[in-house]
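Since the structure comes first, as structure tokens, the remarks are kept for the end.
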Amino acid sequence: MAEMWINMGPQHPMTHGLWNLRVKVDGETIVDAVPEVGYLHRGIEKLCEGKTYTQVIPITDRLCYGSSMTWSHLYCTTVEDLMDLEVPERARYIRVVAIEMQRIASHLMWLAAYAGDLGMSVGFTYTMRDREVFVDLLQALTGARLTYNYPRIGGVAHDLPPNFERDTMRALKYMEMRLQEYEDLFEGSKIFMMRNVGIGILRSDDAVNLGITGPSLRASGVSYDLRKDRPYEAYEDMDFKVATHKDGDCYARYRVRMDEMWESCKIIRQAIQKMPSGKWRVVAPRNGPVGTGFGRVEDPRGEGTMYVVGDGSDKPYRLKIRSPIFVTVSAAPTILVGYKVADVVAIMGGLDMCIGENDR
Amino acid sequence: MNLYEFCYGILHWLVDLVNNLWYWLGDTLPWYFGDFFTAVGDFAASSGHLQFMTLLLESLVIIIVALINVLNFLWIFRKLSGRILDFYGPYYVGYRIGGWLQNLADGMKLFIKEIIVPAKADKTGFVLAPVIFVGSSLLILATIPLSENFGLSTSRDGGGVPAPALFALAMFAIAPFTILLAGWSSNNKYTLIGGMRSAAQMMSYEIPLILCVASVFLLAGSFDFVDIVAAQHDIWFAIPLFIGFIVFLVCLIAEVEIIPFDLPEAEAELVEGWTTEYGGMRFGLFYMTTAVRSYAGGALATALFLGGWQGPAIIPDEIWFLIKAYIVYVVFMWLTWSVPRVRIDQMLKLGWRRLLPLAMLNLLIAAALKTMGWF
Amino acid sequence: MKDKGGATAGQALMFRSKDFLKWSDETMEYLLRKSPVGAGIDLVTKDFFNWATRNSLYFLHFGIMCCALEMAVASAPRFDQQRFGIIPRSSPRQCDILLVNGPVSKKLKPALRRLYDQMPEPKWVVAMGECAISGGPFYNSYSVVPGVDQFIPVDVYIPGCPARPEALIDGFLKLQKMIKENKKGLLTGR
Amino acid sequence: MSEGGRANSAGARDMETAPSRIDANPEDRVLRALAETFPKGVSDGEKVRPGLIRARVDRAELYSACRTLRDSLGFEHISMISAVEYDNRFEVVYHISSYGSRLVIELIASTPKDDPSVDSVSSIWGGANWQEREAYDLMGIVFKNHPKLERILLPKDVMYHPLRKDFKG
């Protein structure tokens, strides 16, 4: 059968954002895949060189819009490492609460897009409706729905709003009941399992060599979670389980993300209970020192790292951003080869693409 | 007093009204003009002309009733999806009647959009595909009677259509060819794939469908809907042939391309399947035809398996038929909105490996029942 | 046939079939466009078709950046936009609105322009969010086109970064009002 | 622009006071192993904070250093490749992390201003492929024997490298 290049163009309901996957097809099975990115390249690293340290925070919010809190927090930890600042205790706890809420909202957004791709519109609407619960909580905390601009260098922008703890506890109870319902909805449906089990298998040594991190790596059996292995902020006194799965197919990636949502609920509950009082921010000096800073954070999509070089002025000399999705997309051909064209939806959906951080 | 006599009566009265004008003209004008008008009057009153006109009027009435039901189906499609997916569905369009005018607005908007024919497309095929698609689907509706005396095929003494059930299934089977034609003629690699997939899906689900219907014919002993429904007088065919009924519904879902078997339309690499290049009213025709075909499917299911218009007499027969057709459609929609899409090879495997043997088994059961003499 | 329109019935008999088709097109064209018959039809159907166009706007399912999430949330249960008959469709042929909801990079510009050209005629463009209006936080970037209206005519601008779902629905309603105001007949354009 | 090293508090947490069990602090075990195998290639290795060590590596020794890091010292995952442009030189900074000992090493390879070319490590780690292409695309660093070194983010016909200081955009 003649081999044919199929072009899943930039404008496509399957892709979450703007990237183009050219797939070489022999009949139905995929022979080769070439992802094309760069449709959303905004030159963020060049922009950051022209802005002062605090002006860069809104830019890093718009890196990956699905989990903007984790990205601006990553930037703040990098600059704190550069300036060698000690963040007050209360700010570390507030940051953990905000990050975990963002993780749940990001995983729910992924679940909605994934169910929508597989044709299950019930999954799409229910998860979108329940994501609103956390978006409202984050809106109460930070004032914005999606790009929060909440972390600051040396702490957080402002303290928790009144009776924030009561709303969070109520939301967590609601969420746990909903998560149970999703598991019955998704795993109960035979067709969903038919489309997921045994599709897009990624062996653990391939995943490590290709640099895939986050839920996709843990789904292949490598239990490596930055929050547990190199705890930052207030994660060392939270006890939670790292969600892993062994066989690395689409179902495993779905399963790992669902477990992570359960764990995040637990973490938020502990963080709210152990929340110390006191200062929530340290005023950072305007000019950064000469030197380099390196930050590493567990983003809902993988391991996000930043490397900042300070030259003594109030602007970063160079800011390098490592996006987990940039590496996962580069690994797409090795996962896709050998599966059917119809599986591209499930495999690519399972890797939770967020093109904003990919193209920077 | 069936539909044919009703239309015949109306037309007869109308023709008499007009004729006395012709005859008056025929008498007053001089001979060479007058004869022409009297000849027109005689022709109008002749039985052949009357019969032809009543058939036209009758099919017009049936098509109007069908299209109103189709609009209702489109409304159910949007409103029920709202209920299942937890939002309102169309609400502000046609405010007090619950958004029923939304489909009208969609249709008319598509009606006035610019007609685009892609430059490299094969013009005749591109234009012809929607016409045949809509035509064949509406023909199915013509043959399915709503009750003894409300149907095109039942009303004439000699019986209009020789074997209406077979004719309806034949019309159902025309659609794959038009979809192939549409996919090929819009000259776009993805629509071609979509067209081929859709044709493969429909063909592979046509055979179990026909086998189940064959088992119904076997029990009922005739191809005419009226006899089939009469045969279901004491027990509906859905009960003895339950396997056949389930296989029939699944094949109908594949035939009408609803979500679990929605392959050609919303696949990974096909943006919109074989309707990608169609815009304006041509897309409107395709969109409406899916509703027409689901109405026809529902009507077939009720006529063949659920004892068409049998029901306690308090409700007129036609209403019984429509109630059952709507219930079948609601079950379709309920399934559609809660199940994800099947992959193409899984679907074909399901078709050939699961449904075909079940349909065979159902045929055996029907044959056994027949030889036992219970039917 | 040289003379344009208005050929007498006698001439019609002598045409070859192709010329006859051309002749009938011309007379229909004259009849509907310029003569009072077209104006009459317009007068009757103008309101109805305008109501139809207004109440069923399909926008293109095409997300660029964070406003795309807000677009998805707008069609989710809480800010339900299906109540107004606004549905996302995935093929440009069947859409009325091109919703641009993010920064347009220079690499994307030709693709977006082609999408705009593929859409059938009564079409509108809604620029959602600061990035589409003026390039937003990336206005001075080397690879972002500052504002969609540089290469596509835009009808409605929706501010906000990202624009809230309520603002998106409000933008659609304003577009509906705009369609209602400049109502014009189909045939004669009056 | 002074040397990239950190001036202030690195000395406070020096290594001698840490307990000397071998796997207790893997940082100096790795540094010692590197210093032995590459006496002149790897220079001024230091421990920045628990879990992060830094070392400068000569451009020629880079490939072999990375291969030993992966094979013998268990650094399986390359996290980030960043290209930084200083006044008199380019620096390509490799952040390589090891899952076993939960450690990140920051390898800095500096190249002269006029010839910014380094050996490609994409044959050692698959994840490095696209990051090297991005460094080439935005900063213009040539990675020798890279399987497919071409632009990835910018359109193919663009001639400039935007992250260079001389590019005003």
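Every chain in the structure tokens takes a letter, A first, then B, and so on in the order presented; its residues are numbered from 1, and the ligands are numbered from 1 following the presented order.
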Practice task
Please report, as a PyMOL selection string, each residue of region 44-122 of chain C to which DSSP assigns alpha helix (DSSP H) when run on this structure's backbone.
Solution key: chain C and resi 44-55+66-74+109-118
Within 8 Å of chain D, which residues of chain A show up? Give each one with its shortest atom-to-atom distance in Å (one decimal) and the two atoms involved, counting only C-alpha atoms, rows by chain then rising residue number, as CSV.
```
residue,atom,partner,partner_atom,distance
A:Glu36,CA,D:Ile152,CA,7.6
A:Val37,CA,D:Leu153,CA,6.2
A:Gly38,CA,D:Leu153,CA,4.1
A:Tyr39,CA,D:Leu153,CA,7.6
A:His41,CA,D:Leu153,CA,6.4
A:Glu45,CA,D:Leu163,CA,7.6
A:Lys46,CA,D:Leu163,CA,5.9
A:Val208,CA,D:His77,CA,6.0
A:Asn209,CA,D:Trp125,CA,5.4
A:Leu210,CA,D:Gly127,CA,4.2
A:Gly211,CA,D:Gly127,CA,4.5
A:Ile212,CA,D:Gly127,CA,7.5
A:Tyr224,CA,D:Tyr99,CA,6.9
A:Asp229,CA,D:Arg102,CA,6.5
A:Arg230,CA,D:Arg102,CA,7.0
A:Val290,CA,D:Gly4,CA,7.8
A:Gly291,CA,D:Gly4,CA,5.7
A:Thr292,CA,D:Gly4,CA,7.1
A:Thr305,CA,D:Met80,CA,7.4
A:Tyr307,CA,D:Ser82,CA,7.7
A:Asp311,CA,D:Met1,CA,7.1
A:Arg318,CA,D:Val84,CA,6.7
A:Lys320,CA,D:Ser82,CA,6.1
A:Arg322,CA,D:Met80,CA,6.0
A:Phe326,CA,D:Trp130,CA,7.8
A:Val327,CA,D:Gly127,CA,6.0
A:Ser330,CA,D:Trp130,CA,6.4
A:Ala331,CA,D:Gly127,CA,7.5
A:Asp359,CA,D:Leu153,CA,6.6
```
Handout entry: Residues of chain A within 6 Å of chain B, counting only C-alpha atoms, as a PyMOL selection string
Key = chain A and resi 8+118-120+122+345
Handout entry: Residues of chain A within 10 Å of chain C, counting only C-alpha atoms, as an MDAnalysis selection string
Key = chainID A and resid 9:19 37:47 58:59 62:66 68 109 112:113 124:132 144:147 354:356
Handout entry: Residue hits in chain C, query chain B, radius 12 Å, only C-alpha atoms, as number ranges by chain
Key = C: 45-58, 60-62, 74-87, 89-96, 117-123, 173, 185-187
Problem - Selected residue, from C:Gln176, C:Ser17, C:Asn182, C:Thr188, that lies nearest to Ile97 (chain C) when counting only C-alpha atoms - result: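 Comparing C:Gln176, C:Ser17, C:Asn182, C:Thr188 against Ile97 (chain C), the winner is C:Gln176.
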Practice task
Have a look at A:Glu260, A:Asp26, A:Asp299, A:Glu49 and name the one nearest to Lys315 (chain A); count only C-alpha atoms.
Solution key: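 The answer is A:Glu49, which sits nearest to Lys315 (chain A).
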Handout entry: Separation of CA of Leu80 (chain B) from CA of Tyr295 (chain B) in Å
Key = 15.6 Å
